[in-house]
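Containing mmCIF, N, CA and C atoms: model-v5.cif.
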data_upload
loop_
_atom_site.label_atom_id
_atom_site.label_comp_id
_atom_site.auth_asym_id
_atom_site.auth_seq_id
_atom_site.Cartn_x
_atom_site.Cartn_y
_atom_site.Cartn_z
N MET A 269 0.85 -1.17 0.00
CA MET A 269 0.00 0.00 0.00
C MET A 269 0.90 1.23 0.00
N SER A 270 0.68 2.09 -0.97
CA SER A 270 1.53 3.27 -1.08
C SER A 270 1.07 4.35 -0.11
N VAL A 271 1.88 5.35 0.03
CA VAL A 271 1.57 6.47 0.92
C VAL A 271 0.33 7.22 0.42
N PHE A 272 0.21 7.38 -0.89
CA PHE A 272 -0.93 8.09 -1.45
C PHE A 272 -2.23 7.32 -1.24
N THR A 273 -2.18 6.02 -1.35
CA THR A 273 -3.36 5.20 -1.10
C THR A 273 -3.80 5.33 0.35
N ARG A 274 -2.83 5.28 1.24
CA ARG A 274 -3.12 5.41 2.66
C ARG A 274 -3.71 6.79 2.98
N MET A 275 -3.13 7.81 2.39
CA MET A 275 -3.61 9.17 2.60
C MET A 275 -5.03 9.34 2.04
N ASN A 276 -5.27 8.78 0.87
CA ASN A 276 -6.60 8.84 0.27
C ASN A 276 -7.63 8.15 1.18
N HIS A 277 -7.26 7.02 1.74
CA HIS A 277 -8.14 6.30 2.66
C HIS A 277 -8.44 7.17 3.88
N TYR A 278 -7.45 7.81 4.43
CA TYR A 278 -7.62 8.66 5.60
C TYR A 278 -8.55 9.83 5.28
N VAL A 279 -8.35 10.48 4.14
CA VAL A 279 -9.18 11.63 3.76
C VAL A 279 -10.63 11.20 3.55
N ARG A 280 -10.84 10.07 2.90
CA ARG A 280 -12.21 9.57 2.71
C ARG A 280 -12.88 9.28 4.04
N HIS A 281 -12.16 8.65 4.95
CA HIS A 281 -12.69 8.34 6.28
C HIS A 281 -13.03 9.63 7.03
N TYR A 282 -12.16 10.60 6.96
CA TYR A 282 -12.38 11.88 7.64
C TYR A 282 -13.63 12.59 7.08
N ARG A 283 -13.76 12.66 5.78
CA ARG A 283 -14.92 13.30 5.15
C ARG A 283 -16.21 12.58 5.50
N ARG A 284 -16.16 11.25 5.49
CA ARG A 284 -17.34 10.46 5.83
C ARG A 284 -17.78 10.72 7.26
N SER A 285 -16.82 10.75 8.18
CA SER A 285 -17.19 11.00 9.58
C SER A 285 -17.66 12.44 9.78
N LEU A 286 -17.07 13.38 9.05
CA LEU A 286 -17.50 14.78 9.12
C LEU A 286 -18.94 14.92 8.64
N ASN A 287 -19.26 14.29 7.54
CA ASN A 287 -20.64 14.33 7.01
C ASN A 287 -21.62 13.64 7.94
N ARG A 288 -21.20 12.53 8.55
CA ARG A 288 -22.07 11.81 9.48
C ARG A 288 -22.38 12.68 10.69
N ARG A 289 -21.37 13.33 11.25
CA ARG A 289 -21.60 14.20 12.41
C ARG A 289 -22.48 15.40 12.05
N ARG A 290 -22.26 15.96 10.88
CA ARG A 290 -23.07 17.10 10.43
C ARG A 290 -24.53 16.68 10.30
N THR A 291 -24.78 15.51 9.74
CA THR A 291 -26.14 15.01 9.59
C THR A 291 -26.77 14.75 10.95
N GLU A 292 -26.01 14.16 11.88
CA GLU A 292 -26.53 13.90 13.22
C GLU A 292 -26.92 15.20 13.92
N ARG A 293 -26.08 16.23 13.79
CA ARG A 293 -26.40 17.52 14.41
C ARG A 293 -27.66 18.13 13.79
N LEU A 294 -27.77 18.05 12.48
CA LEU A 294 -28.93 18.61 11.79
C LEU A 294 -30.21 17.89 12.20
N ILE A 295 -30.19 16.59 12.22
CA ILE A 295 -31.37 15.82 12.62
C ILE A 295 -31.68 16.04 14.10
N GLY A 296 -30.64 16.21 14.90
CA GLY A 296 -30.83 16.46 16.32
C GLY A 296 -31.54 17.77 16.62
N THR A 297 -31.50 18.72 15.69
CA THR A 297 -32.17 20.00 15.90
C THR A 297 -33.65 19.96 15.52
N LEU A 298 -34.07 18.89 14.88
CA LEU A 298 -35.48 18.77 14.49
C LEU A 298 -36.35 18.54 15.72
N PRO A 299 -37.61 18.93 15.66
CA PRO A 299 -38.53 18.66 16.77
C PRO A 299 -38.68 17.15 17.01
N PRO A 300 -38.95 16.76 18.25
CA PRO A 300 -39.06 15.33 18.57
C PRO A 300 -40.10 14.58 17.74
N GLU A 301 -41.19 15.26 17.37
CA GLU A 301 -42.23 14.59 16.58
C GLU A 301 -41.71 14.18 15.21
N ILE A 302 -40.94 15.06 14.60
CA ILE A 302 -40.40 14.76 13.26
C ILE A 302 -39.34 13.67 13.37
N ARG A 303 -38.49 13.74 14.39
CA ARG A 303 -37.48 12.68 14.57
C ARG A 303 -38.15 11.33 14.78
N LYS A 304 -39.26 11.32 15.52
CA LYS A 304 -39.98 10.07 15.73
C LYS A 304 -40.56 9.56 14.41
N ASP A 305 -41.10 10.47 13.59
CA ASP A 305 -41.68 10.08 12.30
C ASP A 305 -40.65 9.45 11.36
N ILE A 306 -39.43 9.96 11.38
CA ILE A 306 -38.41 9.40 10.49
C ILE A 306 -37.66 8.24 11.13
N GLY A 307 -37.98 7.96 12.40
CA GLY A 307 -37.37 6.81 13.07
C GLY A 307 -35.98 7.08 13.61
N TRP A 308 -35.71 8.30 13.97
CA TRP A 308 -34.38 8.65 14.51
C TRP A 308 -34.39 8.49 16.00
N PRO A 309 -33.42 7.97 16.66
CA PRO A 309 -32.21 7.34 16.18
C PRO A 309 -32.32 5.83 16.04
N THR A 310 -33.47 5.23 16.31
CA THR A 310 -33.57 3.77 16.28
C THR A 310 -33.27 3.20 14.90
N HIS A 311 -33.74 3.86 13.85
CA HIS A 311 -33.46 3.38 12.50
C HIS A 311 -31.97 3.52 12.19
N TYR A 312 -31.39 4.62 12.61
CA TYR A 312 -29.97 4.86 12.34
C TYR A 312 -29.08 3.86 13.07
N THR A 313 -29.39 3.55 14.32
CA THR A 313 -28.56 2.60 15.06
C THR A 313 -28.66 1.20 14.47
N SER A 314 -29.82 0.84 13.92
CA SER A 314 -29.92 -0.49 13.31
C SER A 314 -29.10 -0.56 12.03
N ILE A 315 -29.00 0.55 11.31
CA ILE A 315 -28.16 0.58 10.11
C ILE A 315 -26.70 0.48 10.51
N GLN A 316 -26.30 1.18 11.55
CA GLN A 316 -24.91 1.22 11.97
C GLN A 316 -24.47 -0.08 12.64
N SER A 317 -25.39 -0.90 13.10
CA SER A 317 -25.02 -2.10 13.83
C SER A 317 -24.55 -3.23 12.91
N ASP A 318 -24.40 -2.96 11.63
CA ASP A 318 -23.98 -4.01 10.72
C ASP A 318 -22.45 -4.16 10.67
N GLY A 319 -21.76 -3.60 11.66
CA GLY A 319 -20.32 -3.78 11.74
C GLY A 319 -19.52 -2.56 11.37
N ARG A 320 -20.20 -1.52 10.93
CA ARG A 320 -19.47 -0.30 10.61
C ARG A 320 -19.16 0.46 11.89
N ASP A 321 -18.34 1.47 11.75
CA ASP A 321 -17.94 2.29 12.89
C ASP A 321 -19.15 3.04 13.42
N ASN A 322 -19.50 2.85 14.68
CA ASN A 322 -20.66 3.54 15.23
C ASN A 322 -20.30 4.30 16.51
N ARG A 323 -19.09 4.80 16.60
CA ARG A 323 -18.69 5.54 17.78
C ARG A 323 -19.49 6.83 17.95
N SER A 324 -19.93 7.44 16.88
CA SER A 324 -20.63 8.72 16.97
C SER A 324 -22.04 8.57 17.55
N ILE A 325 -22.57 7.37 17.60
CA ILE A 325 -23.92 7.15 18.13
C ILE A 325 -23.97 7.47 19.62
N SER A 326 -22.87 7.30 20.33
CA SER A 326 -22.88 7.47 21.77
C SER A 326 -23.11 8.91 22.19
N ARG A 327 -23.06 9.86 21.28
CA ARG A 327 -23.30 11.26 21.65
C ARG A 327 -24.75 11.55 21.91
N PHE A 328 -25.66 10.71 21.47
CA PHE A 328 -27.09 11.00 21.66
C PHE A 328 -27.57 10.47 22.96
#

Mind turning this structure into structure tokens?
Amino acid sequence: MSVFTRMNHYVRHYRRSLNRRRTERLIGTLPPEIRKDIGWPTHYTSIQSDGRDNRSISRF
């Protein structure tokens, strides 16, 4: 694995986590009724439980 491949992997991971946190903050600002209608956070935690990184879930 070259240095550029490793760096590309790191940048993709960073952007993905940045977007995930931004989305969580945005959804967290919605009223409770709307969050319940879209199934937040129960739907999100079931998606994340498939083995992907779910460290950001603990903030809720």

- [ ] Quick one: pull the distance between CA of Pro309 in chain A and atom N of Arg290 in chain A, Å, one decimal.
- [x]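 Interatomic distance here is 14.2 Å.
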
TODO: Quote the spacing between atom N of Arg288 in chain A and CA of Arg274 in chain A in Å to one decimal place.
DONE: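 Taking atom N of Arg288 in chain A and CA of Arg274 in chain A, their separation equals 20.3 Å.
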
- [ ] Using atom N of Arg303 in chain A and atom N of Arg284 in chain A as the two end points, give the distance in Å to one decimal.
- [x] 24.2 Å
